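The next block holds one structure in the form of structure tokens; read it before the comments.
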Amino acid sequence: MKITFLGGAREVGRSAILVNNRLLLDYGIKNDTPLSYPVDQVSPDAVVVSHGHLDHAGAVPALCSGDNRPSIHLTPPTGRLTTELAQDTLKLHGGTYNCPFTEVDVKRVTQLLTRHSYGETFTAADHQITFYDAGHIPGSAHILVDDGDTRLFYTGDFAVESQCLVDGSTARPDADVVISESTYADTTRKSRTTIESEFIEFVQQRLWAGGTVVVPAFAIGRTQEVISLLADANIGCYLDGMGQRISRLFCDYPDFLDTSSLRAATRHARFVNGQDGQRARIANQNTVIVTTAGMLQGGPAMTYIPEIASNPANAIALTGYQVEGSPGRELLESGRLPMERQTIPVSARVRQFDLSAHADRNDLLSFLQPYSEKKILLNHGDRATDFASGLQSDGFDAVAPETGETVFIEP
């Protein structure tokens, strides 16, 4: 088996792995300035998408330009999310060098999609493929690839701890080689229930102090978890940005998440339309605002934060991973927020709550233990090489390939 890493190797973003020159696993975008995409243009026979996040599915329409017509395989929620992400990218970057696809390409995606459930085995580019629940976001999948000689298990992104809306992954299929994410390979977290409790306590304290709490959250997955936590604690909130329509979208898929809880949480939140100075008025209320973008790379969050930044009674509760170089990372490290035309000091309290839907170091070690005698290829992590070295010390055959590198697996 020939495995080529076109993106996502030793980095978080633009995941893309080409198998035997014909089958592509994911094709994502890295949310840099400007956006960055997988290296090399490819024309696969088929693409299999692990889940509907920008860094895994965001560039899929670019595969459908010109005469290219690959079959596209994913779960039903991921199918909807892939087109939602594409439309959002067109809205922000369409018609510029930052966007390598057009509205026509996005329409082609919808014509080429084939949706599959967990546990269903299907054929793509003459490979046998099976999806397993990855526990990351609704519809996320591990991908098992069998070319007749070698079985490859690609984790995508995954979590082993259950969340409000989805259960953690338990799948450990037999495989000859594993490609594992390593986003949090250098981190050991508290239990998720502890982190959730700390988040709610922090929000309540800031509200009792008369402050406003802005909660930047990724639109897909994290927003729905956050509004569910707030609803369970009977804390009212406003919901702004792309997370509004994604929350409604997820309610259509009861086979992939707890839609009854999400429907209740969505009813509990007040939706913001942003008209007539609404956001400025809300920012001055004693309330909670859940809004995109999760790393403060644009979105309504960049309207709210300047409004609350100067008051120490207010707070910004970051809920996810802040990629190196992102405005969210700079805010955490310096107490200042870079904006389009200026950098502003932030006196409001800033705290990060690791409500991550990724496996931490202990989870990764436990997950990989059944594959201790198999080939382990680590990707999707800024420090994948360090994790690979640690695994090697423990007797694993583990490496962290570079972007552009090809690995051959002998049957």
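Chain lettering (A, B, ...) mirrors the order of the structure tokens, residue numbering begins at 1 for each chain separately, and ligand numbering begins at 1 in order of display.
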Contact table stretch 70-164 of chain A vs stretch 341-362 of chain A, cut-off 6 Å, shortest pair per residue, only C-alpha atoms, as a tab-separated table:
residue	atom	partner	partner_atom	distance
A:His136	CA	A:Ala357	CA	5.1
A:Phe158	CA	A:His358	CA	5.3
A:Ala159	CA	A:Ala359	CA	4.7
Would you mind listing what lies within 12 Å of A:Gln278 as a PDB file with all heavy atoms, in the first residue's frame, with only C-alpha atoms counted and same-chain residues fewer than 6 positions away left out?
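In the end it all went to around06.pdb:
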ATOM      1  N   TYR A 238     -27.507  33.953  24.304  1.00  0.00           N
ATOM      2  CA  TYR A 238     -27.731  34.324  22.915  1.00  0.00           C
ATOM      3  C   TYR A 238     -26.856  33.430  22.044  1.00  0.00           C
ATOM      4  O   TYR A 238     -25.741  33.048  22.446  1.00  0.00           O
ATOM      5  CB  TYR A 238     -27.364  35.781  22.668  1.00  0.00           C
ATOM      6  CG  TYR A 238     -28.339  36.778  23.252  1.00  0.00           C
ATOM      7  CD1 TYR A 238     -28.139  37.313  24.523  1.00  0.00           C
ATOM      8  CD2 TYR A 238     -29.462  37.186  22.530  1.00  0.00           C
ATOM      9  CE1 TYR A 238     -29.023  38.232  25.063  1.00  0.00           C
ATOM     10  CE2 TYR A 238     -30.360  38.107  23.063  1.00  0.00           C
ATOM     11  CZ  TYR A 238     -30.137  38.627  24.315  1.00  0.00           C
ATOM     12  OH  TYR A 238     -31.027  39.533  24.846  1.00  0.00           O
ATOM     13  N   ASP A 240     -25.184  33.251  18.146  1.00  0.00           N
ATOM     14  CA  ASP A 240     -24.913  34.060  16.960  1.00  0.00           C
ATOM     15  C   ASP A 240     -23.986  33.296  16.023  1.00  0.00           C
ATOM     16  O   ASP A 240     -23.218  32.426  16.445  1.00  0.00           O
ATOM     17  CB  ASP A 240     -24.268  35.379  17.376  1.00  0.00           C
ATOM     18  CG  ASP A 240     -24.430  36.485  16.329  1.00  0.00           C
ATOM     19  OD1 ASP A 240     -24.842  36.175  15.197  1.00  0.00           O
ATOM     20  OD2 ASP A 240     -24.146  37.653  16.662  1.00  0.00           O
ATOM     21  N   PHE A 271     -31.737  33.497  19.327  1.00  0.00           N
ATOM     22  CA  PHE A 271     -30.962  33.679  18.113  1.00  0.00           C
ATOM     23  C   PHE A 271     -30.783  35.169  17.799  1.00  0.00           C
ATOM     24  O   PHE A 271     -31.699  35.960  17.972  1.00  0.00           O
ATOM     25  CB  PHE A 271     -31.630  32.976  16.934  1.00  0.00           C
ATOM     26  CG  PHE A 271     -31.413  31.483  16.916  1.00  0.00           C
ATOM     27  CD1 PHE A 271     -31.252  30.761  18.088  1.00  0.00           C
ATOM     28  CD2 PHE A 271     -31.364  30.798  15.711  1.00  0.00           C
ATOM     29  CE1 PHE A 271     -31.057  29.381  18.069  1.00  0.00           C
ATOM     30  CE2 PHE A 271     -31.178  29.413  15.681  1.00  0.00           C
ATOM     31  CZ  PHE A 271     -31.019  28.715  16.860  1.00  0.00           C
ATOM     32  N   VAL A 272     -29.594  35.517  17.330  1.00  0.00           N
ATOM     33  CA  VAL A 272     -29.242  36.896  17.010  1.00  0.00           C
ATOM     34  C   VAL A 272     -29.212  37.061  15.494  1.00  0.00           C
ATOM     35  O   VAL A 272     -28.605  36.250  14.789  1.00  0.00           O
ATOM     36  CB  VAL A 272     -27.859  37.251  17.590  1.00  0.00           C
ATOM     37  CG1 VAL A 272     -27.466  38.680  17.225  1.00  0.00           C
ATOM     38  CG2 VAL A 272     -27.843  37.055  19.099  1.00  0.00           C
ATOM     39  N   ASN A 284     -23.841  44.751  26.027  1.00  0.00           N
ATOM     40  CA  ASN A 284     -23.943  45.545  27.254  1.00  0.00           C
ATOM     41  C   ASN A 284     -24.934  44.953  28.250  1.00  0.00           C
ATOM     42  O   ASN A 284     -25.223  45.565  29.289  1.00  0.00           O
ATOM     43  CB  ASN A 284     -24.328  46.980  26.915  1.00  0.00           C
ATOM     44  CG  ASN A 284     -23.188  47.717  26.236  1.00  0.00           C
ATOM     45  OD1 ASN A 284     -22.081  47.740  26.735  1.00  0.00           O
ATOM     46  ND2 ASN A 284     -23.452  48.304  25.071  1.00  0.00           N
ATOM     47  N   GLN A 285     -25.464  43.784  27.951  1.00  0.00           N
ATOM     48  CA  GLN A 285     -26.360  43.106  28.879  1.00  0.00           C
ATOM     49  C   GLN A 285     -25.558  42.172  29.791  1.00  0.00           C
ATOM     50  O   GLN A 285     -24.429  41.784  29.475  1.00  0.00           O
ATOM     51  CB  GLN A 285     -27.414  42.290  28.119  1.00  0.00           C
ATOM     52  CG  GLN A 285     -28.363  43.113  27.276  1.00  0.00           C
ATOM     53  CD  GLN A 285     -29.397  42.246  26.569  1.00  0.00           C
ATOM     54  OE1 GLN A 285     -29.664  41.128  26.977  1.00  0.00           O
ATOM     55  NE2 GLN A 285     -29.982  42.775  25.512  1.00  0.00           N
ATOM     56  N   PRO A 300     -18.908  36.949  14.241  1.00  0.00           N
ATOM     57  CA  PRO A 300     -19.507  37.922  15.155  1.00  0.00           C
ATOM     58  C   PRO A 300     -18.715  38.141  16.436  1.00  0.00           C
ATOM     59  O   PRO A 300     -18.824  39.199  17.066  1.00  0.00           O
ATOM     60  CB  PRO A 300     -20.883  37.315  15.460  1.00  0.00           C
ATOM     61  CG  PRO A 300     -21.181  36.432  14.302  1.00  0.00           C
ATOM     62  CD  PRO A 300     -19.862  35.891  13.860  1.00  0.00           C
ATOM     63  N   THR A 303     -17.048  41.320  16.779  1.00  0.00           N
ATOM     64  CA  THR A 303     -17.878  42.487  17.069  1.00  0.00           C
ATOM     65  C   THR A 303     -18.126  42.608  18.565  1.00  0.00           C
ATOM     66  O   THR A 303     -18.063  43.709  19.136  1.00  0.00           O
ATOM     67  CB  THR A 303     -19.228  42.392  16.330  1.00  0.00           C
ATOM     68  OG1 THR A 303     -18.997  42.360  14.924  1.00  0.00           O
ATOM     69  CG2 THR A 303     -20.121  43.584  16.654  1.00  0.00           C
ATOM     70  N   TYR A 304     -18.372  41.477  19.212  1.00  0.00           N
ATOM     71  CA  TYR A 304     -18.690  41.503  20.636  1.00  0.00           C
ATOM     72  C   TYR A 304     -17.479  41.842  21.512  1.00  0.00           C
ATOM     73  O   TYR A 304     -17.590  42.605  22.477  1.00  0.00           O
ATOM     74  CB  TYR A 304     -19.242  40.146  21.080  1.00  0.00           C
ATOM     75  CG  TYR A 304     -20.602  39.823  20.536  1.00  0.00           C
ATOM     76  CD1 TYR A 304     -20.777  38.800  19.607  1.00  0.00           C
ATOM     77  CD2 TYR A 304     -21.730  40.530  20.947  1.00  0.00           C
ATOM     78  CE1 TYR A 304     -22.037  38.485  19.105  1.00  0.00           C
ATOM     79  CE2 TYR A 304     -22.997  40.229  20.454  1.00  0.00           C
ATOM     80  CZ  TYR A 304     -23.136  39.207  19.536  1.00  0.00           C
ATOM     81  OH  TYR A 304     -24.371  38.902  19.048  1.00  0.00           O
TER      82      TYR A 304
END
| task | Using DSSP on the backbone, list every residue of stretch 199-402 of chain A that comes out as alpha helix (DSSP H), and give them as a ChimeraX atom specification. | result | /A:199-208,222-232,243-250,259-268,278-283,301-308,327-334,361-368,384-393
| said: Report, in Å with one decimal, the straight-line distance from atom CA of A:Asn273 to atom CA of A:Glu201. | reply: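 Atom CA of A:Glu201 lies 28.3 Å from atom CA of A:Asn273.
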| field | Within 6 Å of A:Ala59 using only C-alpha atoms, minus same-chain residues under 6 positions, as a PyMOL selection string | value | chain A and resi 27-29
| said: Set the distance at 6 Å and use only C-alpha atoms: which residues neighbour stretch 150-155 of chain A once local chain neighbours fewer than 4 positions away are removed? I'd like the list as a list in words. | reply: His142, Ile143, Leu144, Val145, Asp146, Ala175, Asp176, Val177, Val178, Ile179, Ser180 and Pro411 of chain A
Can you spit out the residues from that selection as a compact mmCIF listing (two decimals), in the first residue's frame, using C-alpha atoms?
# COMPACT_ATOMS: atom_id res chain seq x y z
CA HIS A 142 -12.99 6.36 11.53
CA ILE A 143 -12.23 4.93 8.09
CA LEU A 144 -11.05 1.35 7.55
CA VAL A 145 -9.50 0.83 4.10
CA ASP A 146 -8.78 -2.62 2.65
CA ALA A 175 -5.61 -3.35 10.85
CA ASP A 176 -2.05 -3.61 9.52
CA VAL A 177 -1.33 0.12 9.70
CA VAL A 178 -2.94 2.95 11.67
CA ILE A 179 -2.93 6.64 10.80
CA SER A 180 -3.78 8.39 14.05
CA PRO A 411 1.71 -6.76 2.67
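Pairwise distance (atom CA of A:Asp382, atom CA of A:Glu11) equals 4.6 Å.
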| query | DSSP on the backbone: what in stretch 75-213 of chain A comes out strand (DSSP E), as number ranges by chain? | reply | A: 113-115, 121-124, 127-133, 141-146, 151-154, 177-181, 213
| message | As an exercise, work out the distance from atom CA of A:Thr193 to atom CA of A:Gln369 in Å and give it to one decimal place. | response |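 Result for atom CA of A:Thr193 versus atom CA of A:Gln369: 24.8 Å, one decimal.
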| message | Given only C-alpha atoms as the basis, pick out the residue of A:Ser71, A:Ser117, A:Ser182, A:Thr4 nearest to A:Leu368. | response |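 So, comparing all the options, the nearest one is A:Ser182.
For the residues A:Phe250, A:Tyr37, A:Tyr97, A:Phe131, ranking by smallest atom-to-atom distance to A:Leu74 using only C-alpha atoms places A:Phe131 first.
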| field | Spatial neighbours of A:Ile72, 8 Å, only C-alpha atoms, chain gap at least 4 places, as a ChimeraX atom specification | value | /A:46-49,109,112-114
| said: Env of A:Val214: 10 Å cut, atoms = only C-alpha atoms, seq-sep filter 2 positions within chain, self excluded. Answer as a list in words. | reply: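 Near neighbours after the sequence-gap exclusion: Val203, Gly211, Thr212, Pro216, Ala217, Cys237, Tyr238, Ala283, Thr287, Val288, Ile289, Val290, Thr291, Ala301, Tyr304, Ile305, Ile308, Asn314, Ala315, Ile316, Ala317, Leu318 and Val350 of chain A.
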Take the residues from that selection and put them in a file with N, CA, C and O atoms, as a PDB file, in the first residue's frame.
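Wrote it out as again.pdb, contents follow:
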ATOM      1  N   VAL A 203     -18.886  30.782  34.280  1.00  0.00           N
ATOM      2  CA  VAL A 203     -19.928  31.595  33.662  1.00  0.00           C
ATOM      3  C   VAL A 203     -20.855  32.169  34.728  1.00  0.00           C
ATOM      4  O   VAL A 203     -21.185  33.373  34.717  1.00  0.00           O
ATOM      5  N   GLY A 211     -21.270  40.798  34.881  1.00  0.00           N
ATOM      6  CA  GLY A 211     -20.555  40.851  33.610  1.00  0.00           C
ATOM      7  C   GLY A 211     -21.277  40.192  32.448  1.00  0.00           C
ATOM      8  O   GLY A 211     -22.318  39.549  32.601  1.00  0.00           O
ATOM      9  N   THR A 212     -20.687  40.389  31.293  1.00  0.00           N
ATOM     10  CA  THR A 212     -21.109  39.723  30.062  1.00  0.00           C
ATOM     11  C   THR A 212     -20.053  38.679  29.708  1.00  0.00           C
ATOM     12  O   THR A 212     -18.850  38.951  29.791  1.00  0.00           O
ATOM     13  N   PRO A 216     -16.605  32.189  22.511  1.00  0.00           N
ATOM     14  CA  PRO A 216     -16.290  31.824  21.129  1.00  0.00           C
ATOM     15  C   PRO A 216     -16.295  30.300  20.994  1.00  0.00           C
ATOM     16  O   PRO A 216     -15.686  29.598  21.802  1.00  0.00           O
ATOM     17  N   ALA A 217     -16.979  29.798  19.980  1.00  0.00           N
ATOM     18  CA  ALA A 217     -17.118  28.337  19.845  1.00  0.00           C
ATOM     19  C   ALA A 217     -17.152  27.962  18.374  1.00  0.00           C
ATOM     20  O   ALA A 217     -17.744  28.674  17.552  1.00  0.00           O
ATOM     21  N   CYS A 237     -28.870  32.204  27.143  1.00  0.00           N
ATOM     22  CA  CYS A 237     -27.782  32.676  26.295  1.00  0.00           C
ATOM     23  C   CYS A 237     -28.316  33.163  24.963  1.00  0.00           C
ATOM     24  O   CYS A 237     -29.443  32.846  24.561  1.00  0.00           O
ATOM     25  N   TYR A 238     -27.507  33.953  24.304  1.00  0.00           N
ATOM     26  CA  TYR A 238     -27.731  34.324  22.915  1.00  0.00           C
ATOM     27  C   TYR A 238     -26.856  33.430  22.044  1.00  0.00           C
ATOM     28  O   TYR A 238     -25.741  33.048  22.446  1.00  0.00           O
ATOM     29  N   ALA A 283     -24.180  43.088  23.886  1.00  0.00           N
ATOM     30  CA  ALA A 283     -22.878  43.077  24.562  1.00  0.00           C
ATOM     31  C   ALA A 283     -22.906  43.841  25.880  1.00  0.00           C
ATOM     32  O   ALA A 283     -22.071  43.599  26.753  1.00  0.00           O
ATOM     33  N   THR A 287     -25.254  38.908  30.373  1.00  0.00           N
ATOM     34  CA  THR A 287     -25.724  37.712  29.683  1.00  0.00           C
ATOM     35  C   THR A 287     -24.549  36.904  29.142  1.00  0.00           C
ATOM     36  O   THR A 287     -23.382  37.282  29.281  1.00  0.00           O
ATOM     37  N   VAL A 288     -24.875  35.787  28.486  1.00  0.00           N
ATOM     38  CA  VAL A 288     -23.897  34.918  27.828  1.00  0.00           C
ATOM     39  C   VAL A 288     -24.158  34.947  26.336  1.00  0.00           C
ATOM     40  O   VAL A 288     -25.305  34.858  25.887  1.00  0.00           O
ATOM     41  N   ILE A 289     -23.089  35.054  25.556  1.00  0.00           N
ATOM     42  CA  ILE A 289     -23.188  35.093  24.095  1.00  0.00           C
ATOM     43  C   ILE A 289     -22.305  33.986  23.527  1.00  0.00           C
ATOM     44  O   ILE A 289     -21.084  34.006  23.695  1.00  0.00           O
ATOM     45  N   VAL A 290     -22.905  33.018  22.883  1.00  0.00           N
ATOM     46  CA  VAL A 290     -22.174  31.928  22.232  1.00  0.00           C
ATOM     47  C   VAL A 290     -22.100  32.266  20.747  1.00  0.00           C
ATOM     48  O   VAL A 290     -23.127  32.463  20.092  1.00  0.00           O
ATOM     49  N   THR A 291     -20.880  32.339  20.211  1.00  0.00           N
ATOM     50  CA  THR A 291     -20.735  32.868  18.861  1.00  0.00           C
ATOM     51  C   THR A 291     -19.490  32.338  18.165  1.00  0.00           C
ATOM     52  O   THR A 291     -18.512  31.969  18.806  1.00  0.00           O
ATOM     53  N   ALA A 301     -17.911  37.146  16.856  1.00  0.00           N
ATOM     54  CA  ALA A 301     -17.107  37.318  18.074  1.00  0.00           C
ATOM     55  C   ALA A 301     -16.277  38.587  18.017  1.00  0.00           C
ATOM     56  O   ALA A 301     -16.065  39.259  19.035  1.00  0.00           O
ATOM     57  N   TYR A 304     -18.372  41.477  19.212  1.00  0.00           N
ATOM     58  CA  TYR A 304     -18.690  41.503  20.636  1.00  0.00           C
ATOM     59  C   TYR A 304     -17.479  41.842  21.512  1.00  0.00           C
ATOM     60  O   TYR A 304     -17.590  42.605  22.477  1.00  0.00           O
ATOM     61  N   ILE A 305     -16.330  41.252  21.212  1.00  0.00           N
ATOM     62  CA  ILE A 305     -15.198  41.376  22.131  1.00  0.00           C
ATOM     63  C   ILE A 305     -14.722  42.820  22.310  1.00  0.00           C
ATOM     64  O   ILE A 305     -14.460  43.243  23.447  1.00  0.00           O
ATOM     65  N   ILE A 308     -16.784  44.465  24.997  1.00  0.00           N
ATOM     66  CA  ILE A 308     -16.667  44.033  26.404  1.00  0.00           C
ATOM     67  C   ILE A 308     -15.244  44.055  26.927  1.00  0.00           C
ATOM     68  O   ILE A 308     -15.014  43.822  28.107  1.00  0.00           O
ATOM     69  N   ASN A 314     -16.324  41.544  32.839  1.00  0.00           N
ATOM     70  CA  ASN A 314     -16.706  40.720  31.694  1.00  0.00           C
ATOM     71  C   ASN A 314     -15.717  39.571  31.508  1.00  0.00           C
ATOM     72  O   ASN A 314     -14.667  39.525  32.159  1.00  0.00           O
ATOM     73  N   ALA A 315     -16.040  38.673  30.601  1.00  0.00           N
ATOM     74  CA  ALA A 315     -15.163  37.513  30.400  1.00  0.00           C
ATOM     75  C   ALA A 315     -15.266  36.975  28.985  1.00  0.00           C
ATOM     76  O   ALA A 315     -16.295  37.127  28.312  1.00  0.00           O
ATOM     77  N   ILE A 316     -14.181  36.351  28.566  1.00  0.00           N
ATOM     78  CA  ILE A 316     -14.126  35.599  27.309  1.00  0.00           C
ATOM     79  C   ILE A 316     -13.759  34.172  27.674  1.00  0.00           C
ATOM     80  O   ILE A 316     -12.678  33.925  28.236  1.00  0.00           O
ATOM     81  N   ALA A 317     -14.646  33.242  27.406  1.00  0.00           N
ATOM     82  CA  ALA A 317     -14.426  31.839  27.746  1.00  0.00           C
ATOM     83  C   ALA A 317     -14.141  31.067  26.462  1.00  0.00           C
ATOM     84  O   ALA A 317     -15.071  30.696  25.730  1.00  0.00           O
ATOM     85  N   LEU A 318     -12.873  30.853  26.160  1.00  0.00           N
ATOM     86  CA  LEU A 318     -12.489  30.082  24.989  1.00  0.00           C
ATOM     87  C   LEU A 318     -12.761  28.607  25.254  1.00  0.00           C
ATOM     88  O   LEU A 318     -12.466  28.102  26.338  1.00  0.00           O
ATOM     89  N   VAL A 350      -9.971  36.335  30.694  1.00  0.00           N
ATOM     90  CA  VAL A 350      -9.846  35.380  29.590  1.00  0.00           C
ATOM     91  C   VAL A 350      -9.465  34.023  30.177  1.00  0.00           C
ATOM     92  O   VAL A 350      -8.477  33.916  30.916  1.00  0.00           O
TER      93      VAL A 350
END
| said: Report as an MDAnalysis selection string all protein, DNA and RNA residues lying within 7 Å of A:Pro327, evaluated on only C-alpha atoms, omitting residues in the same chain fewer than 6 positions from it. | reply: chainID A and resid 295:297 337:338
Output N, CA, C and O atoms for every residue in that selection, as a PDB file, in the first residue's frame.
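selection-v1.pdb was written with the following content:
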ATOM      1  N   MET A 295     -11.652  30.361  17.132  1.00  0.00           N
ATOM      2  CA  MET A 295     -10.278  30.828  17.328  1.00  0.00           C
ATOM      3  C   MET A 295     -10.163  32.330  17.107  1.00  0.00           C
ATOM      4  O   MET A 295      -9.061  32.857  16.939  1.00  0.00           O
ATOM      5  N   LEU A 296     -11.330  33.020  17.048  1.00  0.00           N
ATOM      6  CA  LEU A 296     -11.394  34.471  16.875  1.00  0.00           C
ATOM      7  C   LEU A 296     -10.829  34.916  15.537  1.00  0.00           C
ATOM      8  O   LEU A 296     -10.321  36.034  15.400  1.00  0.00           O
ATOM      9  N   GLN A 297     -10.943  34.046  14.534  1.00  0.00           N
ATOM     10  CA  GLN A 297     -10.494  34.399  13.189  1.00  0.00           C
ATOM     11  C   GLN A 297     -11.683  34.926  12.390  1.00  0.00           C
ATOM     12  O   GLN A 297     -12.052  34.384  11.357  1.00  0.00           O
ATOM     13  N   LEU A 337      -5.735  41.320  21.657  1.00  0.00           N
ATOM     14  CA  LEU A 337      -6.427  40.671  20.545  1.00  0.00           C
ATOM     15  C   LEU A 337      -6.126  41.386  19.237  1.00  0.00           C
ATOM     16  O   LEU A 337      -6.492  42.554  19.049  1.00  0.00           O
ATOM     17  N   PRO A 338      -5.447  40.715  18.299  1.00  0.00           N
ATOM     18  CA  PRO A 338      -5.204  41.329  16.991  1.00  0.00           C
ATOM     19  C   PRO A 338      -6.489  41.363  16.171  1.00  0.00           C
ATOM     20  O   PRO A 338      -7.185  40.360  16.042  1.00  0.00           O
TER      21      PRO A 338
END
| request: Can you work out which one of A:Asp147, A:Asp40, A:Pro34, A:Val106 has the shortest atom-to-atom distance to A:Arg69, counting only C-alpha atoms? | output: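 Once distances to A:Arg69 are computed over only C-alpha atoms, the minimum belongs to A:Val106.
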